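Peer 1: Dumping the structure here so I can ask a few things about it.
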Amino acid sequence: MKDTPKSRTSGSFVKKLKIWRGTRSDTRVSAAATTREQPSVLHFGVCEDIYDSCYCRAIAIECMSQAESTAGTEKNTGSSIEAGENKTGSGRLLLVAYELSDMPEIPQLWEKIAAAVGFEKDEVVLTVTHNHSSPNDSKIRATEEETALGERYKEIELSAGITACREAVSSLRPARYAYTEGQSFINVNRNYCSLAGEWLEAPNFAGFSDKTLAVFSFVDEEGKLIAAFLNHATHATNIFQQRDADGKTKLSGNFPGITCRFLEEYYGNGSVVMWTSGAAGNQNPFLVHGMLMEYSDGYCTEVAYPDGAGYQQMESIGRRHAADAVRTLNQIRDYSDKMELCHVKKQIDIPAQKRDDPLFTGPAVKPNIGYRKAGDQYRPPVYPKMADDPEHPVPLYMELLILGDTAIVCVGAELFAQLGQKIKEASPWKHTVVLTHTHYHIGYILDESSKDVRAQQSFGRIKPGAADELILEGVQEMFAEVKIL
């Protein structure tokens, strides 16, 4: 027998909410993959030491009917939203976030995690923080030793994910939830056009930047924090290719890890805070990489900060971001113990491009690095010629999560912030969050207004500015799958 529908702006049914306690794996992800004697493979190089650990965090949610809640049973009979062809109507959801650069290259990762905790594959959503100071299990394989480390690291990734999820699922407790938004001004548009017309990765304070800090809060019956889910459009690129004060390049959870640990310490109660990346394809922390030096003749170069400075900046950004999250969480006054839950999946094809210049080899953009030396001359940038590739469209994997009056649109790519904003504006739901890096990485997706940008991201497989309408149509089709019983 179905529950009596309650009046809501979305017109949906509601269920009693229970949440499995959010958790992070106690396994130090870096412990076995990185030692002082045997360096670990990183996303962009090799690390020599550990600054702090990278974690896997999990939050598990179960929605129960009023009758089930009254009876005290934990049996799940599905959510109040009808399941369409591409949708699961299950009342359970397991959110998993790795503090890694890319999704672990583990065959059947979703299935293995789901099976370990008694969930279905379609009840599991995985993401990464796109952390540029994390290990990577497959990108760089210069030696047999590094290949072996990568394979060993896959074991660590899988173990950490299963451990986090098992701990989350094992501690089910009644909960109330709320969604709210604040602002965090830690990010800045990173596509800067010099006076000479050269596109560089540097702060562009006049460029579009979404400062929204989206927050889900789950509290227990006493009002104490069980878990929080954060979403913000910022690349985790602090300490990118930078050395600490001792001259070593180090592994770290980057600023998101610092933010999460700050909040977990602040709220105590064994609470767990999960950070996720929004549409951050053209967004960096405002303190990152190095200093841009621009000269009157058009010459530009990036000069590194002194050793250790990048790590101090990372600490500052992470802690400032955490303080913004505290203010956002503490502004919540009203919580609900009722939630509808739905999960829709969809794949679309988006236009591709390819290099049409056999003489052009190497990176599409080659910025100058280091102080300008005598004899260094300005040379106008030369970009590879690109051509449409209609015979090989790029598949884009998308998901839609409905959690109460909030929708989370998940995209397996790096969206420019303008495109993320378009998705939110086009959403029919009361609140909408854009979550990226939820599937294997297919590259950057530049929005229509950025199609003339000539940054490194402009020369990948995806044709700049050609996917906006296709993605928006795909999102609308997913919302159309959400039918109310």
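Residue numbering restarts at 1 in every chain; chains get A, B, ... in the order shown in the structure tokens, and ligands count up from 1 in that same order.
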Taking only C-alpha atoms into account, produce a table as JSON lines in which each residue of segment 341-377 of chain A with an atom at most 12 Å from an atom of segment 297-317 of chain A appears once, together with its shortest atom pair and the distance in Å to one decimal, ordered by chain and rising number.

Peer 2:
{"residue": "A:Lys366", "atom": "CA", "partner": "A:Thr301", "partner_atom": "CA", "distance": 10.4}
{"residue": "A:Pro367", "atom": "CA", "partner": "A:Thr301", "partner_atom": "CA", "distance": 6.7}
{"residue": "A:Asn368", "atom": "CA", "partner": "A:Thr301", "partner_atom": "CA", "distance": 4.6}
{"residue": "A:Ile369", "atom": "CA", "partner": "A:Glu302", "partner_atom": "CA", "distance": 4.9}
{"residue": "A:Gly370", "atom": "CA", "partner": "A:Val303", "partner_atom": "CA", "distance": 4.6}
{"residue": "A:Tyr371", "atom": "CA", "partner": "A:Val303", "partner_atom": "CA", "distance": 5.9}
{"residue": "A:Arg372", "atom": "CA", "partner": "A:Thr301", "partner_atom": "CA", "distance": 7.1}
{"residue": "A:Lys373", "atom": "CA", "partner": "A:Thr301", "partner_atom": "CA", "distance": 10.7}
{"residue": "A:Gly375", "atom": "CA", "partner": "A:Tyr299", "partner_atom": "CA", "distance": 11.6}
{"residue": "A:Asp376", "atom": "CA", "partner": "A:Tyr299", "partner_atom": "CA", "distance": 8.4}
{"residue": "A:Gln377", "atom": "CA", "partner": "A:Tyr299", "partner_atom": "CA", "distance": 7.0}

Peer 1: Run DSSP on the backbone and give me the residues of segment 264-461 of chain A it puts in strand (DSSP E or B), as a ChimeraX atom specification.

Peer 2: /A:272-277,283-285,290-294,300-304,336,338,341-350,352-355,369,386-388,394-403,406-411,414-415,431-436,444-445

Peer 1: Provide the atom CA of Gly404 of chain A to atom CA of Lys121 of chain A distance in Å, to one decimal place.

Peer 2: 21.6 Å

Peer 1: Could you give me, as a tab-separated table (two decimals) with all heavy atoms, in the first residue's frame, the residues within 9 Å of Thr212 of chain A, counting only C-alpha atoms and dropping anything in the same chain fewer than 5 positions from it?

Peer 2:
chain	number	residue	atom	x	y	z
A	181	GLU	N	22.68	26.23	0.12
A	181	GLU	CA	23.78	26.75	-0.70
A	181	GLU	C	24.41	27.95	-0.04
A	181	GLU	O	23.74	28.74	0.62
A	181	GLU	CB	23.27	27.14	-2.10
A	181	GLU	CG	22.81	25.98	-2.95
A	181	GLU	CD	22.28	26.41	-4.30
A	181	GLU	OE1	22.22	27.65	-4.54
A	181	GLU	OE2	21.94	25.54	-5.12
A	182	GLY	N	25.71	28.05	-0.20
A	182	GLY	CA	26.45	29.23	0.22
A	182	GLY	C	27.37	29.64	-0.91
A	182	GLY	O	27.17	29.26	-2.07
A	183	GLN	N	28.37	30.41	-0.59
A	183	GLN	CA	29.37	30.81	-1.57
A	183	GLN	C	30.77	30.62	-1.00
A	183	GLN	O	30.99	30.80	0.19
A	183	GLN	CB	29.16	32.26	-2.00
A	183	GLN	CG	27.93	32.49	-2.86
A	183	GLN	CD	27.89	33.89	-3.44
A	183	GLN	OE1	28.03	34.88	-2.72
A	183	GLN	NE2	27.70	33.98	-4.75
A	184	SER	N	31.68	30.26	-1.88
A	184	SER	CA	33.07	30.14	-1.50
A	184	SER	C	33.91	30.72	-2.63
A	184	SER	O	33.89	30.21	-3.75
A	184	SER	CB	33.45	28.67	-1.25
A	184	SER	OG	34.77	28.56	-0.74
A	185	PHE	N	34.66	31.77	-2.32
A	185	PHE	CA	35.38	32.52	-3.34
A	185	PHE	C	36.82	32.05	-3.51
A	185	PHE	O	37.73	32.84	-3.75
A	185	PHE	CB	35.33	34.01	-3.01
A	185	PHE	CG	33.98	34.62	-3.20
A	185	PHE	CD1	33.00	34.50	-2.23
A	185	PHE	CD2	33.66	35.30	-4.37
A	185	PHE	CE1	31.74	35.05	-2.40
A	185	PHE	CE2	32.40	35.85	-4.56
A	185	PHE	CZ	31.44	35.72	-3.58
A	231	ASN	N	29.77	20.30	-2.78
A	231	ASN	CA	30.04	20.36	-4.22
A	231	ASN	C	30.45	21.79	-4.57
A	231	ASN	O	29.76	22.75	-4.20
A	231	ASN	CB	28.80	19.95	-5.02
A	231	ASN	CG	29.01	20.03	-6.52
A	231	ASN	OD1	28.79	21.06	-7.15
A	231	ASN	ND2	29.45	18.92	-7.10
A	232	HIS	N	31.58	21.92	-5.27
A	232	HIS	CA	32.09	23.24	-5.64
A	232	HIS	C	32.89	23.11	-6.92
A	232	HIS	O	33.54	22.09	-7.17
A	232	HIS	CB	32.97	23.81	-4.53
A	232	HIS	CG	33.26	25.27	-4.67
A	232	HIS	ND1	34.42	25.75	-5.25
A	232	HIS	CD2	32.55	26.36	-4.31
A	232	HIS	CE1	34.40	27.07	-5.22
A	232	HIS	NE2	33.28	27.47	-4.67
A	233	ALA	N	32.83	24.14	-7.75
A	233	ALA	CA	33.49	24.09	-9.06
A	233	ALA	C	34.93	24.60	-8.96
A	233	ALA	O	35.22	25.75	-9.25
A	233	ALA	CB	32.69	24.93	-10.07

Peer 1: So that each row is one residue of segment 381-459 of chain A with an atom at most 10 Å from segment 168-179 of chain A, can you give its shortest atom pair and the distance in Å to one decimal, using only C-alpha atoms, rows by chain and rising number, as JSON lines?

Peer 2:
{"residue": "A:Leu403", "atom": "CA", "partner": "A:Tyr179", "partner_atom": "CA", "distance": 9.4}
{"residue": "A:Gly404", "atom": "CA", "partner": "A:Ala178", "partner_atom": "CA", "distance": 9.0}
{"residue": "A:Asp405", "atom": "CA", "partner": "A:Tyr179", "partner_atom": "CA", "distance": 8.4}
{"residue": "A:Thr406", "atom": "CA", "partner": "A:Tyr179", "partner_atom": "CA", "distance": 7.4}
{"residue": "A:His431", "atom": "CA", "partner": "A:Tyr179", "partner_atom": "CA", "distance": 8.4}

Peer 1: Include all heavy atoms and write out the residues we just selected as a JSON list (two decimals), in the first residue's frame.

Peer 2:
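Full text of out-v2.json as output:
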[["chain", "number", "residue", "atom", "x", "y", "z"],
["A", 403, "LEU", "N", 17.20, 13.57, -4.91],
["A", 403, "LEU", "CA", 17.21, 13.44, -3.46],
["A", 403, "LEU", "C", 16.29, 14.53, -2.91],
["A", 403, "LEU", "O", 16.69, 15.69, -2.75],
["A", 403, "LEU", "CB", 18.61, 13.60, -2.88],
["A", 403, "LEU", "CG", 19.55, 12.38, -2.94],
["A", 403, "LEU", "CD1", 20.01, 12.14, -4.36],
["A", 403, "LEU", "CD2", 20.76, 12.60, -2.03],
["A", 404, "GLY", "N", 15.06, 14.16, -2.65],
["A", 404, "GLY", "CA", 14.10, 15.14, -2.16],
["A", 404, "GLY", "C", 13.85, 16.22, -3.19],
["A", 404, "GLY", "O", 13.58, 15.94, -4.36],
["A", 405, "ASP", "N", 13.97, 17.48, -2.78],
["A", 405, "ASP", "CA", 13.71, 18.59, -3.70],
["A", 405, "ASP", "C", 14.97, 19.03, -4.44],
["A", 405, "ASP", "O", 15.00, 20.09, -5.04],
["A", 405, "ASP", "CB", 13.10, 19.77, -2.95],
["A", 405, "ASP", "CG", 13.99, 20.32, -1.85],
["A", 405, "ASP", "OD1", 15.13, 19.83, -1.70],
["A", 405, "ASP", "OD2", 13.55, 21.23, -1.13],
["A", 406, "THR", "N", 16.00, 18.18, -4.40],
["A", 406, "THR", "CA", 17.27, 18.52, -5.04],
["A", 406, "THR", "C", 17.65, 17.46, -6.08],
["A", 406, "THR", "O", 17.54, 16.27, -5.83],
["A", 406, "THR", "CB", 18.40, 18.64, -4.00],
["A", 406, "THR", "OG1", 18.02, 19.61, -3.01],
["A", 406, "THR", "CG2", 19.69, 19.08, -4.65],
["A", 431, "HIS", "N", 16.11, 22.64, -6.64],
["A", 431, "HIS", "CA", 17.56, 22.86, -6.51],
["A", 431, "HIS", "C", 18.27, 21.87, -7.43],
["A", 431, "HIS", "O", 17.84, 20.72, -7.57],
["A", 431, "HIS", "CB", 18.04, 22.64, -5.08],
["A", 431, "HIS", "CG", 17.29, 23.43, -4.05],
["A", 431, "HIS", "ND1", 17.37, 24.79, -3.96],
["A", 431, "HIS", "CD2", 16.43, 23.03, -3.06],
["A", 431, "HIS", "CE1", 16.61, 25.20, -2.96],
["A", 431, "HIS", "NE2", 16.03, 24.15, -2.40]]

Peer 1: Can you tell me how far atom CA of Gln108 of chain A sits from atom CA of His392 of chain A, in Å to one decimal?

Peer 2: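 So the answer is 25.0 Å.
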
Peer 1: What is the atom CA of Tyr266 of chain A-atom CA of Val326 of chain A distance in Å, reported with one decimal?

Peer 2: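 Computing the Euclidean distance for atom CA of Tyr266 of chain A and atom CA of Val326 of chain A yields 8.5 Å.
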
Peer 1: Check the smallest atom-to-atom distance from each of A:Cys193, A:Cys54, A:Val124, A:Leu158 to Val344 of chain A using only C-alpha atoms, then report the winner.

Peer 2: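 Residue with the minimum atom-to-atom distance to Val344 of chain A: A:Val124.
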
Peer 1: Hey, could you make a per-residue contact list for segment 247-337 of chain A against segment 435-450 of chain A with 8 Å as the cut-off, showing the nearest pair of atoms and its distance in Å to one decimal, counting only C-alpha atoms, sorted by chain and number, as a Markdown table?

Peer 2:
| residue | atom | partner | partner_atom | distance |
| --- | --- | --- | --- | --- |
| A:Thr276 | CA | A:Leu435 | CA | 6.9 |
| A:Ser277 | CA | A:Thr436 | CA | 5.9 |
| A:Gly278 | CA | A:Leu435 | CA | 4.9 |
| A:Ala279 | CA | A:Thr436 | CA | 6.3 |
| A:Gly281 | CA | A:Tyr444 | CA | 6.4 |

Peer 1: Generate the output file for the selected residues, N, CA, C and O atoms, as a CSV table (one decimal), in the first residue's frame.

Peer 2:
chain,number,residue,atom,x,y,z
A,276,THR,N,33.0,17.0,-3.5
A,276,THR,CA,32.9,16.6,-4.9
A,276,THR,C,33.1,17.8,-5.8
A,276,THR,O,32.9,19.0,-5.4
A,277,SER,N,33.5,17.5,-7.1
A,277,SER,CA,33.8,18.6,-8.0
A,277,SER,C,32.6,19.0,-8.9
A,277,SER,O,31.9,18.1,-9.5
A,278,GLY,N,32.3,20.2,-9.0
A,278,GLY,CA,31.3,20.7,-9.9
A,278,GLY,C,31.8,20.9,-11.3
A,278,GLY,O,32.8,20.3,-11.7
A,279,ALA,N,31.2,21.8,-12.1
A,279,ALA,CA,31.7,22.1,-13.4
A,279,ALA,C,32.9,23.0,-13.4
A,279,ALA,O,32.8,24.2,-13.4
A,281,GLY,N,35.8,22.8,-15.3
A,281,GLY,CA,36.7,22.6,-16.4
A,281,GLY,C,37.6,23.8,-16.7
A,281,GLY,O,38.7,23.7,-17.2

Peer 1: Determine the nearest neighbour of Gln421 of chain A from the options A:Ser159, A:Gln456, A:Ser209, A:Asn191, counting only C-alpha atoms.

Peer 2: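 Of all the options, A:Ser209 lies closest to Gln421 of chain A.
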
Peer 1: Please run DSSP on the backbone and report, as a PyMOL selection string, all residues within segment 66-267 of chain A that come out as helix (DSSP H, G or I).

Peer 2: chain A and resi 66-71+109-117+121-123+144-169+254-267
